[in-house]
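Colleague: What follows is input06.cif; its format and atoms are mmCIF, C-alpha atoms.
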```
data_data
loop_
_atom_site.label_atom_id
_atom_site.label_comp_id
_atom_site.auth_asym_id
_atom_site.auth_seq_id
_atom_site.Cartn_x
_atom_site.Cartn_y
_atom_site.Cartn_z
CA MET B 11 0.00 0.00 0.00
CA THR B 12 1.40 3.40 -0.98
CA ASN B 13 1.53 6.36 1.41
CA ASN B 14 -1.32 7.98 -0.54
CA ASP B 15 -3.44 4.83 -0.12
CA LYS B 16 -2.75 4.82 3.62
CA SER B 17 -3.81 8.46 3.86
CA ARG B 18 -7.08 7.76 2.05
CA VAL B 19 -7.87 4.87 4.40
CA LEU B 20 -7.21 7.08 7.40
CA ILE B 21 -9.40 9.87 6.03
CA PHE B 22 -12.34 7.63 5.31
CA ASN B 23 -12.06 5.72 8.59
CA LYS B 24 -12.70 8.88 10.59
CA LYS B 25 -15.48 11.18 9.44
CA LEU B 26 -17.00 14.39 10.72
CA ILE B 27 -20.25 15.93 9.50
CA VAL B 28 -20.63 19.70 9.92
CA GLU B 29 -23.30 22.22 8.95
CA GLY B 30 -21.42 24.36 6.47
CA GLU B 31 -18.23 25.35 4.70
CA GLN B 32 -17.21 27.73 7.49
CA ASP B 33 -17.03 24.83 9.94
CA LYS B 34 -15.17 22.73 7.38
CA ARG B 35 -12.47 25.39 6.97
CA LEU B 36 -12.28 26.44 10.59
CA ILE B 37 -12.02 23.16 12.51
CA PRO B 38 -8.71 22.10 10.89
CA GLU B 39 -7.17 25.47 11.81
CA LEU B 40 -8.39 25.18 15.40
CA MET B 41 -7.14 21.64 15.81
CA GLU B 42 -3.78 22.32 14.19
CA ALA B 43 -3.32 25.27 16.55
CA ASN B 44 -3.91 22.78 19.37
CA GLY B 45 -1.30 20.26 18.33
CA VAL B 46 -3.11 18.11 15.74
CA PRO B 47 -1.17 18.11 12.41
CA TRP B 48 -3.52 18.79 9.50
CA THR B 49 -1.67 18.45 6.20
CA LYS B 50 -3.52 18.39 2.90
CA GLY B 51 -3.71 14.80 1.72
CA LYS B 52 -2.95 13.48 5.20
CA GLU B 53 -5.90 14.88 7.13
CA PRO B 54 -6.59 12.91 10.32
CA VAL B 55 -10.37 13.31 9.87
CA TYR B 56 -12.45 13.61 6.70
CA ILE B 57 -14.93 16.49 7.02
CA GLU B 58 -18.20 16.72 5.09
CA ALA B 59 -20.37 19.83 5.08
CA TYR B 60 -24.14 19.36 5.23
CA GLY B 61 -27.02 21.51 6.33
CA SER B 62 -28.03 20.34 9.81
CA ASP B 63 -31.65 19.72 8.81
CA GLU B 64 -30.38 17.51 5.99
CA PHE B 65 -28.28 15.40 8.32
CA ILE B 66 -30.53 15.13 11.38
CA ASN B 67 -32.13 12.20 9.69
CA ASN B 68 -31.95 8.62 10.94
CA LYS B 69 -31.56 7.18 7.44
CA LYS B 70 -28.53 9.33 6.64
CA ILE B 71 -26.89 8.65 9.99
CA SER B 72 -27.53 4.94 9.54
CA THR B 73 -26.03 4.98 6.05
CA ARG B 74 -22.84 6.61 7.33
CA LEU B 75 -22.53 4.11 10.18
CA LYS B 76 -22.84 1.16 7.80
CA ALA B 77 -19.77 2.16 5.79
CA SER B 78 -17.44 -0.83 6.04
CA GLU B 79 -14.29 1.21 6.63
CA LEU B 80 -15.76 3.55 9.26
CA THR B 81 -14.29 3.58 12.77
CA HIS B 82 -15.26 7.06 14.02
CA LEU B 83 -18.18 9.36 13.17
CA GLY B 84 -18.83 12.83 14.56
CA LEU B 85 -21.65 15.33 14.11
CA ILE B 86 -21.35 19.06 14.86
CA ILE B 87 -24.49 21.21 14.68
CA ASP B 88 -25.63 24.58 15.97
CA ALA B 89 -27.93 24.71 18.98
CA ASP B 90 -29.66 27.73 17.45
CA GLU B 91 -32.34 29.26 19.68
CA ASN B 92 -33.51 26.20 21.63
CA PRO B 93 -30.72 23.83 22.71
CA LYS B 94 -33.05 21.38 24.49
CA ASP B 95 -35.29 20.94 21.47
CA ARG B 96 -32.27 20.73 19.20
CA TRP B 97 -30.75 17.92 21.25
CA GLN B 98 -34.05 16.06 21.36
CA SER B 99 -34.31 16.17 17.57
CA ILE B 100 -30.82 14.68 17.28
CA ARG B 101 -31.51 12.10 19.98
CA ASN B 102 -34.80 11.07 18.39
CA ALA B 103 -33.11 10.59 15.03
CA CYS B 104 -30.33 8.55 16.63
CA LEU B 105 -32.78 6.32 18.48
CA LYS B 106 -34.24 5.24 15.14
CA VAL B 107 -30.83 3.97 14.01
CA GLU B 108 -30.52 0.25 14.70
CA ALA B 109 -26.83 0.37 15.62
CA ILE B 110 -27.44 3.17 18.14
CA GLN B 111 -30.56 1.53 19.63
CA LYS B 112 -28.27 -1.07 21.17
CA SER B 113 -26.50 1.74 23.03
CA ILE B 114 -29.68 3.47 24.21
CA ASP B 115 -28.51 3.43 27.83
CA ASN B 116 -25.55 5.60 26.77
CA LEU B 117 -27.68 8.17 24.96
CA PRO B 118 -28.59 10.69 27.68
CA GLU B 119 -31.82 12.65 27.97
CA GLN B 120 -29.77 15.85 28.27
CA MET B 121 -26.76 16.78 26.18
CA PRO B 122 -23.55 16.43 28.25
CA GLU B 123 -21.64 19.66 28.80
CA THR B 124 -18.50 17.99 27.49
CA GLY B 125 -20.16 16.68 24.33
CA LEU B 126 -21.39 13.20 23.54
CA ILE B 127 -19.09 10.25 22.81
CA ILE B 128 -20.43 6.68 22.79
CA ASN B 129 -19.28 3.34 21.44
CA ILE B 130 -21.81 1.63 19.23
CA SER B 131 -21.77 -1.87 17.79
CA ASN B 132 -21.91 -2.24 14.03
CA GLY B 133 -21.84 -5.94 13.31
CA THR B 134 -18.46 -7.32 14.32
CA LYS B 135 -16.87 -4.00 15.29
CA PHE B 136 -17.39 -0.96 17.46
CA ILE B 137 -17.62 2.60 16.14
CA LYS B 138 -16.99 5.74 18.14
CA PHE B 139 -19.91 8.12 17.62
CA GLY B 140 -19.93 11.70 18.89
CA VAL B 141 -22.06 14.83 18.84
CA TRP B 142 -21.10 18.42 19.65
CA MET B 143 -23.74 21.16 19.73
CA MET B 144 -22.33 24.65 19.15
CA PRO B 145 -21.46 26.67 21.07
CA ASP B 146 -21.04 24.62 24.28
CA ASN B 147 -23.74 21.90 24.31
CA GLN B 148 -25.86 23.89 26.77
CA ASN B 149 -26.56 27.41 25.53
CA ARG B 150 -28.24 28.93 22.48
CA GLY B 151 -26.01 29.90 19.63
CA MET B 152 -23.90 28.72 16.75
CA LEU B 153 -20.34 28.49 15.47
CA GLU B 154 -19.90 32.26 15.73
CA THR B 155 -21.01 32.18 19.38
CA PHE B 156 -18.30 29.60 20.06
CA LEU B 157 -15.68 31.75 18.33
CA ALA B 158 -16.55 34.67 20.58
CA TYR B 159 -15.25 32.55 23.47
CA MET B 160 -11.79 32.85 21.86
CA ILE B 161 -11.66 36.64 21.88
CA LYS B 162 -8.61 37.66 23.85
CA ASP B 163 -9.23 39.23 27.25
CA GLU B 164 -7.48 42.45 26.28
CA SER B 165 -9.95 42.91 23.43
CA ASP B 166 -12.99 42.65 25.69
CA PRO B 167 -13.80 46.42 25.68
CA LEU B 168 -13.84 46.44 21.87
CA TRP B 169 -15.95 43.28 21.86
CA GLN B 170 -18.48 44.88 24.18
CA TYR B 171 -18.57 47.95 21.95
CA ALA B 172 -19.10 45.80 18.82
CA GLN B 173 -22.16 44.26 20.47
CA GLU B 174 -23.51 47.70 21.37
CA VAL B 175 -23.01 48.96 17.81
CA VAL B 176 -24.71 45.91 16.28
CA THR B 177 -27.66 46.26 18.65
CA GLU B 178 -28.03 49.92 17.74
CA ALA B 179 -27.68 49.14 14.02
CA LYS B 180 -30.62 46.77 14.32
CA THR B 181 -32.79 49.60 15.64
CA LYS B 182 -31.73 51.72 12.65
CA GLY B 183 -32.84 49.18 10.08
CA ALA B 184 -30.00 46.64 9.79
CA LYS B 185 -31.55 43.70 7.99
CA PHE B 186 -29.94 40.67 9.65
CA ILE B 187 -32.44 38.40 11.40
CA ASP B 188 -32.38 38.16 15.19
CA GLU B 189 -31.15 34.55 15.06
CA HIS B 190 -27.98 35.74 13.28
CA ILE B 191 -27.01 38.44 15.75
CA ASP B 192 -23.96 36.46 16.90
CA LYS B 193 -22.72 36.46 13.30
CA ALA B 194 -23.15 40.24 13.16
CA TYR B 195 -21.23 40.62 16.45
CA ILE B 196 -18.17 38.62 15.42
CA TYR B 197 -17.93 40.00 11.88
CA SER B 198 -18.23 43.57 13.18
CA TRP B 199 -15.45 42.88 15.68
CA LEU B 200 -13.27 41.32 12.98
CA ALA B 201 -13.79 44.38 10.78
CA TRP B 202 -11.83 46.41 13.34
CA GLN B 203 -8.82 44.12 13.61
CA LYS B 204 -5.44 44.31 11.89
CA PRO B 205 -5.88 43.44 9.08
CA PRO B 206 -9.62 44.16 9.04
CA GLY B 207 -12.28 41.73 7.96
CA ARG B 208 -10.41 38.42 8.11
CA GLN B 209 -12.33 35.21 7.50
CA LEU B 210 -13.12 33.13 10.57
CA HIS B 211 -10.58 30.42 9.86
CA ASN B 212 -7.92 33.05 9.12
CA ALA B 213 -8.66 34.72 12.44
CA ILE B 214 -7.69 31.48 14.18
CA GLN B 215 -4.71 30.81 11.92
CA GLU B 216 -3.34 34.29 12.54
CA GLU B 217 -4.27 34.20 16.25
CA ILE B 218 -6.51 37.23 16.04
CA LEU B 219 -8.65 34.85 18.04
CA ASN B 220 -6.95 32.76 20.73
CA PRO B 221 -7.22 29.04 19.78
CA GLN B 222 -5.78 28.04 23.16
CA HIS B 223 -8.39 29.97 25.14
CA PRO B 224 -9.62 27.86 28.08
CA LYS B 225 -13.22 28.15 26.88
CA ALA B 226 -12.26 26.46 23.60
CA GLN B 227 -10.44 23.58 25.25
CA ILE B 228 -13.54 21.56 26.15
CA PHE B 229 -14.31 21.28 22.44
CA VAL B 230 -10.69 20.50 21.60
CA LYS B 231 -10.66 17.69 24.17
CA TRP B 232 -13.95 16.28 22.83
CA PHE B 233 -12.53 16.23 19.31
CA LYS B 234 -9.27 14.58 20.32
CA ASP B 235 -11.04 12.01 22.48
CA LEU B 236 -13.60 11.18 19.78
CA TYR B 237 -10.98 10.62 17.10
CA ASP B 238 -8.24 9.20 19.34
CA LEU B 239 -5.79 11.93 18.39
#
```
Can the structure from this file be put into structure tokens for me?
Modeller:
Amino acid sequence: MTNNDKSRVLIFNKKLIVEGEQDKRLIPELMEANGVPWTKGKEPVYIEAYGSDEFINNKKISTRLKASELTHLGLIIDADENPKDRWQSIRNACLKVEAIQKSIDNLPEQMPETGLIINISNGTKFIKFGVWMMPDNQNRGMLETFLAYMIKDESDPLWQYAQEVVTEAKTKGAKFIDEHIDKAYIYSWLAWQKPPGRQLHNAIQEEILNPQHPKAQIFVKWFKDLYDL
């Protein structure tokens, strides 16, 4: 087996499903900044981007779990405005998957603060299955809410001001929907950095955001534990 063949096996053994392209670009930067090498062609985890409503579906989860080469599968979604309902929708979908039904005792009624990781039986082997709900498995929000946790302490006054400005802009006719206010906060704050207006993954790569911030480390640990990194 060539080195390229080995890399492809590794990629397809470990899969992660995320909501969008932002997550797909950002997670490798975050993990590499926390000691996980992420070289093109030798990625430790293969990331697919789906809409969450497309993937919170027992048939699609079941199909992924039945892949013969799979050893690890993760799912990252946004909590949005109602974390409890969001978790229940995921849990209900999972409970309809035959392989996960056997692990029902390990599928909690409430989402664990540290993220979900369970071992499920798929025929003759076990698969590690995990779920993380952005931002922190407990509170409303999304990827951008999680990124706000990585704002450096010295930038807190500017961060507070960015939130005030966004809130005022909404009263003056800014057209973003209320559910996307966390996106407006973080992009406004990034617009005032040096250089201004960096993309989210660049902000981590260039340490405009702090990828080692303690509030990000619970996610980092979940990821490393899920994928045995």
Colleague: Which residues come within 8 Å of segment 78-89 of chain B, counting only C-alpha atoms, excluding same-chain residues fewer than 5 positions away, as a ChimeraX atom specification?
Modeller: /B:19,22-29,62,96-97,136-145,147,149-153,236-237
Colleague: Quick one: distance from atom CA of Glu39 of chain B to atom CA of Leu168 of chain B in Å, one decimal?
Modeller: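 Pair atom CA of Glu39 of chain B / atom CA of Leu168 of chain B returns 24.2 Å.
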Colleague: Show which residues sit within 12 Å of His223 of chain B, as JSON, numbers by chain. Count only C-alpha atoms, and ignore same-chain residues fewer than 5 positions away.
Modeller: {"B": [40, 43, 44, 156, 157, 158, 159, 160, 161, 162, 163, 214, 217, 218, 228, 229, 230]}
Colleague: Translate the PyMOL selection byres ((chain B and resi 102) around 12) into a concrete residue list for this structure, as a list of chain:residue names.
Modeller: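 Selection result, ordered by chain and number: B:Ile66, B:Asn67, B:Asn68, B:Ile71, B:Asp95, B:Arg96, B:Trp97, B:Gln98, B:Ser99, B:Ile100, B:Arg101, B:Ala103, B:Cys104, B:Leu105, B:Lys106, B:Val107, B:Ile110, B:Gln111, B:Ile114, B:Leu117, B:Pro118, B:Glu119.
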Colleague: Using all atoms listed in the file, find the one residue out of B:Asp238, B:Gln215, B:Glu189, B:Pro224 that sits nearest to Glu42 of chain B.
Modeller: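 Among B:Asp238, B:Gln215, B:Glu189, B:Pro224, it is B:Gln215 that comes nearest to Glu42 of chain B.
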Colleague: Taking the file as shown, find all residues satisfying the PyMOL selection byres ((chain B and resi 203) around 12) and write them as a ChimeraX atom specification.
Modeller: /B:161,165,168-169,172,196-202,204-209,212-213,216-219
Colleague: Separation of atom CA of Glu91 of chain B and atom CA of Gln148 of chain B, in Å?
Modeller: 11.0 Å
Colleague: Go through B:Gln173, B:Asp166, B:Leu75, B:Thr155 and flag the residue nearest Asn129 of chain B, using all atoms listed in the file for the distances.
Modeller: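 Of B:Gln173, B:Asp166, B:Leu75, B:Thr155, the one nearest Asn129 of chain B, counting all atoms listed in the file, is B:Leu75.
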Colleague: Figure out the distance between atom CA of Ala77 of chain B and atom CA of Lys135 of chain B, please, to one decimal in Å.
Modeller: 11.7 Å
Colleague: Kindly list the centre and edge lengths in Å, rounded to one decimal, for the axis-aligned box that covers all listed atoms of segment 160-170 of chain B plus 6 Å on each of its six sides, as JSON.
Modeller:
```
{"center_x": -13.0, "center_y": 39.6, "center_z": 24.6, "size_x": 23.0, "size_y": 25.6, "size_z": 17.4}
```
Colleague: Go through B:Asp146, B:Gln120, B:Val46, B:Lys76 one by one, measure the shortest atom-to-atom distance of each to Ala226 of chain B using all atoms listed in the file, and give the residue with the smallest value.
Modeller: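 Counting all atoms listed in the file, the residue closest to Ala226 of chain B is B:Asp146.
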Colleague: Pick out the closest residue to Glu64 of chain B from this set: B:Leu210, B:Tyr195, B:His190, B:Gly30. Count only C-alpha atoms.
Modeller: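 Counting only C-alpha atoms, the residue closest to Glu64 of chain B is B:Gly30.
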Colleague: For Ser72 of chain B, which of B:Ile130, B:Ile187, B:Gln170, B:Ala59 is the closest residue, counting only C-alpha atoms?
Modeller: B:Ile130
Colleague: Got a sec: who's within 10 Å of Leu239 of chain B, counting only C-alpha atoms, leaving out chain neighbours fewer than 6 positions off, as a count of residues only?
Modeller: 7
